[in-house]
>>> print(open('my_file-v1.cif').read())   # mmCIF, C-alpha atoms
data_target
loop_
_atom_site.label_atom_id
_atom_site.label_comp_id
_atom_site.auth_asym_id
_atom_site.auth_seq_id
_atom_site.Cartn_x
_atom_site.Cartn_y
_atom_site.Cartn_z
CA MET A 12 -33.10 10.73 52.20
CA ALA A 13 -33.44 7.16 51.02
CA GLY A 14 -37.15 6.91 51.89
CA ALA A 15 -38.24 10.00 49.95
CA PRO A 16 -41.28 9.26 47.79
CA TYR A 17 -39.93 11.35 44.90
CA ASP A 18 -36.62 11.84 43.14
CA LEU A 19 -35.65 15.50 42.88
CA SER A 20 -34.29 16.85 39.61
CA LEU A 21 -33.06 20.39 39.06
CA HIS A 22 -33.40 21.96 35.63
CA PRO A 23 -29.80 22.76 34.54
CA GLU A 24 -30.49 26.51 34.41
CA PHE A 25 -32.15 26.40 37.83
CA GLU A 26 -29.11 24.59 39.18
CA ARG A 27 -26.89 27.43 37.88
CA ASP A 28 -29.25 29.98 39.44
CA LEU A 29 -29.04 28.15 42.77
CA GLN A 30 -25.22 28.12 42.64
CA SER A 31 -25.23 31.85 41.91
CA LEU A 32 -27.62 32.45 44.81
CA ALA A 33 -25.34 30.43 47.11
CA ALA A 34 -22.35 32.53 46.01
CA ASP A 35 -24.30 35.74 46.73
CA ALA A 36 -25.35 34.37 50.12
CA GLY A 37 -21.72 33.55 50.91
CA ARG A 38 -20.67 37.12 50.18
CA ASN A 39 -23.47 38.57 52.34
CA PRO A 40 -24.45 36.06 55.05
CA THR A 41 -26.94 38.46 56.68
CA GLY A 42 -28.64 39.62 53.47
CA GLU A 43 -31.81 38.62 51.68
CA SER A 44 -29.97 36.24 49.35
CA ARG A 45 -28.97 34.13 52.38
CA ARG A 46 -32.57 33.99 53.62
CA LEU A 47 -33.80 33.22 50.09
CA LEU A 48 -31.27 30.40 49.77
CA MET A 49 -32.22 28.83 53.10
CA VAL A 50 -35.97 28.99 52.45
CA THR A 51 -35.46 27.62 48.91
CA LEU A 52 -33.35 24.69 50.17
CA ASN A 53 -36.07 23.87 52.72
CA ALA A 54 -38.69 24.03 49.95
CA LEU A 55 -36.62 21.68 47.74
CA GLU A 56 -36.49 19.16 50.55
CA ALA A 57 -40.26 19.43 51.09
CA ILE A 58 -40.91 18.99 47.34
CA ARG A 59 -38.76 15.83 47.33
CA ASP A 60 -40.40 14.52 50.49
CA GLY A 61 -43.93 15.26 49.28
CA THR A 62 -44.70 17.41 52.31
CA ILE A 63 -45.33 20.68 50.50
CA PRO A 64 -48.86 21.60 49.40
CA GLU A 65 -49.37 21.29 45.65
CA ARG A 66 -50.53 24.55 44.11
CA ARG A 67 -51.30 23.77 40.49
CA LEU A 68 -50.78 26.59 38.00
CA ASP A 69 -53.67 27.52 35.73
CA GLN A 70 -53.43 28.06 32.01
CA MET A 71 -53.64 31.76 31.24
CA SER A 72 -53.67 33.19 27.72
CA THR A 73 -50.94 35.79 28.36
CA TYR A 74 -48.51 33.33 29.94
CA PRO A 75 -46.81 30.12 28.82
CA ASP A 76 -48.98 27.09 29.61
CA LEU A 77 -47.61 25.73 32.86
CA SER A 78 -50.78 23.85 33.78
CA ASP A 79 -48.70 20.72 34.37
CA CYS A 80 -46.61 22.61 36.94
CA ASN A 81 -46.95 23.66 40.57
CA LYS A 82 -45.75 26.69 42.48
CA VAL A 83 -44.39 27.19 45.96
CA TYR A 84 -44.56 30.54 47.73
CA ILE A 85 -41.12 31.55 48.97
CA GLN A 86 -41.17 34.12 51.77
CA THR A 87 -37.96 35.74 52.95
CA ASP A 88 -39.59 38.35 55.22
CA PRO A 89 -42.17 37.02 57.67
CA ASN A 90 -43.73 40.51 57.89
CA ASP A 91 -44.35 40.78 54.15
CA ARG A 92 -46.20 38.84 51.45
CA PRO A 93 -44.12 36.19 49.67
CA LYS A 94 -42.53 37.83 46.65
CA TYR A 95 -40.82 34.74 45.22
CA ARG A 96 -42.21 31.66 43.52
CA LEU A 97 -40.60 28.30 42.87
CA VAL A 98 -42.01 26.45 39.83
CA TRP A 99 -41.78 22.66 39.61
CA ARG A 100 -43.48 19.75 37.88
CA GLU A 101 -43.89 16.05 38.48
CA LEU A 102 -42.68 13.62 35.83
CA PRO A 103 -43.17 9.86 35.62
CA ALA A 104 -40.50 7.54 36.96
CA GLY A 105 -37.58 7.03 34.62
CA GLU A 106 -37.79 3.26 34.95
CA PRO A 107 -40.49 0.74 35.87
CA GLY A 108 -40.91 0.57 39.63
CA GLY A 109 -38.93 3.79 40.09
CA ARG A 110 -40.02 6.86 41.94
CA PRO A 111 -41.72 9.76 40.17
CA VAL A 112 -39.43 12.72 39.55
CA ARG A 113 -40.15 16.23 40.74
CA GLN A 114 -38.27 18.65 38.51
CA VAL A 115 -37.63 22.17 39.79
CA ILE A 116 -37.59 24.63 36.92
CA GLN A 117 -37.44 28.24 38.11
CA LEU A 118 -37.13 30.49 41.14
CA GLY A 119 -38.05 34.11 40.64
CA THR A 120 -40.15 37.06 41.64
CA ARG A 121 -43.87 37.00 41.10
CA GLU A 122 -43.78 40.65 40.01
CA LEU A 123 -45.18 40.97 36.47
CA GLY A 124 -45.26 37.17 36.27
CA SER A 125 -41.57 37.05 35.39
CA VAL A 126 -41.04 33.70 37.13
CA TYR A 127 -43.72 32.11 34.95
CA HIS A 128 -42.41 33.59 31.70
CA LEU A 129 -38.88 32.39 32.54
CA ALA A 130 -40.16 28.91 33.46
CA GLY A 131 -41.99 28.79 30.12
CA GLN A 132 -38.80 29.74 28.28
CA ARG A 133 -36.88 26.99 30.06
CA LEU A 134 -39.49 24.48 28.97
CA GLY A 135 -39.70 25.85 25.42
CA ARG A 136 -43.28 27.05 25.81
CA PRO A 137 -44.32 30.35 24.23
CA ALA A 138 -46.96 32.52 25.88
CA GLY A 139 -50.52 31.98 24.73
CA VAL A 140 -49.97 28.47 23.33
CA SER A 141 -51.58 25.60 25.21
CA LEU A 142 -49.84 22.29 25.92
CA GLU A 143 -52.48 20.69 23.71
CA GLU A 144 -51.48 22.97 20.82
CA LEU A 145 -47.78 22.31 21.42
CA LEU A 146 -48.41 18.57 21.13
CA GLU A 147 -50.70 18.93 18.10
CA PRO A 148 -47.96 18.94 15.39
CA GLU A 149 -46.60 15.69 16.80
CA ARG A 150 -50.06 14.12 16.80
CA THR A 151 -50.75 15.41 13.30
CA ASP A 152 -47.49 13.92 12.01
CA ILE A 153 -48.28 10.56 13.59
CA ALA A 154 -51.86 10.61 12.28
CA ALA A 155 -50.64 11.51 8.78
CA LYS A 156 -48.13 8.65 8.82
CA VAL A 157 -50.76 6.14 9.98
CA SER A 158 -53.19 7.43 7.38
CA SER A 159 -50.59 7.19 4.63
CA LEU A 160 -49.87 3.59 5.56
CA SER A 161 -53.47 2.60 4.94
CA ASP A 162 -53.60 4.60 1.67
CA ARG A 163 -50.47 3.08 0.10
CA GLN A 164 -50.55 0.36 -2.45
CA PRO A 165 -48.14 -2.47 -1.69
CA SER A 166 -44.86 -2.15 -3.52
CA GLY A 167 -43.00 -5.08 -4.96
CA ARG A 168 -40.33 -4.65 -2.29
CA SER A 169 -40.59 -6.64 0.92
CA LYS A 170 -40.22 -4.88 4.30
CA LYS A 171 -37.51 -7.34 5.23
CA ASP A 172 -35.47 -5.98 2.30
CA SER A 173 -35.89 -2.40 3.51
CA PRO A 174 -32.77 -0.65 4.90
CA GLU A 175 -34.87 0.50 7.90
CA PHE A 176 -35.36 -3.10 8.93
CA GLY A 177 -31.85 -4.34 8.32
CA GLY A 178 -32.45 -5.48 4.72
#
>>> encode(input="my_file-v1.cif", output="structure tokens")
Amino acid sequence: MAGAPYDLSLHPEFERDLQSLAADAGRNPTGESRRLLMVTLNALEAIRDGTIPERRLDQMSTYPDLSDCNKVYIQTDPNDRPKYRLVWRELPAGEPGGRPVRQVIQLGTRELGSVYHLAGQRLGRPAGVSLEELLEPERTDIAAKVSSLSDRQPSGRSKKDSPEFGG
């Protein structure tokens, strides 16, 4: 859809999962995998179109921090509670004036929180570590470099002669 407010991106591992689900659905067109595939495809379209309610995930100490992510309830049996979750996050546009990107990360069962642990693995986020803590080493490195710049005494060598700056 050309007028969609968001670009849709599939995490590479999610894309493989979706292909596997489609293969399972093809082998058993009346089974749960077929229903799961159809509901998931409809959810992907709604995520891209911005018509699905955003259900922000909370940070919990026993799970990876997915507080920048959302979940979608995926229900394959209308007479039962939804047992699947689809985890996605919104990212800034890749270029100025572009559309924000909604990246789908993981589809899985909610049982024992497996979908959230797998999503955390895909994003490289260990359980019990906040996003703030994950970014801290990067901030510390930057702060240390800035601090060291102000502490240094000027050397006799000019920056223009430095190999980093083409010298």
>>> residues_around(input="my_file-v1.cif", residues="A:Asp28", least_positions_apart="3", cutoff="12 Å", atoms="all atoms listed in the file", output="PyMOL selection string")
chain A and resi 21-25+31-35+44+48+51+97+115-119
>>> resolve_selection(input="my_file-v1.cif", expression="the PyMOL selection byres ((chain A and resi 57-73) around 10)", output="number ranges by chain")
A: 12, 14-20, 51-56, 74-84, 98-101, 111-115, 124, 127-128, 137-142
>>> closest_residue(input="my_file-v1.cif", among="A:Glu122, A:Asp88, A:Glu106, A:Glu144", to="A:Val50", atoms="all atoms listed in the file")
A:Asp88
>>> atom_distance(input="my_file-v1.cif", atom1="atom CA of A:Ala36", atom2="atom CA of A:Arg92")
21.4 Å
>>> axis_aligned_box(input="my_file-v1.cif", around="stretch 50-63 of chain A", padding_each_side="3 Å", output="JSON")
{"center_x": -39.3, "center_y": 21.8, "center_z": 50.0, "size_x": 18.0, "size_y": 20.5, "size_z": 11.4}
>>> atom_distance(input="my_file-v1.cif", atom1="atom CA of A:Glu26", atom2="atom CA of A:Leu123")
23.1 Å
>>> resolve_selection(input="my_file-v1.cif", expression="the PyMOL selection byres ((chain A and resi 94) around 6)", output="VMD selection string")
chain A and resid 93 95 120 to 121
>>> atom_distance(input="my_file-v1.cif", atom1="atom CA of A:Thr87", atom2="atom CA of A:Thr41")
11.9 Å
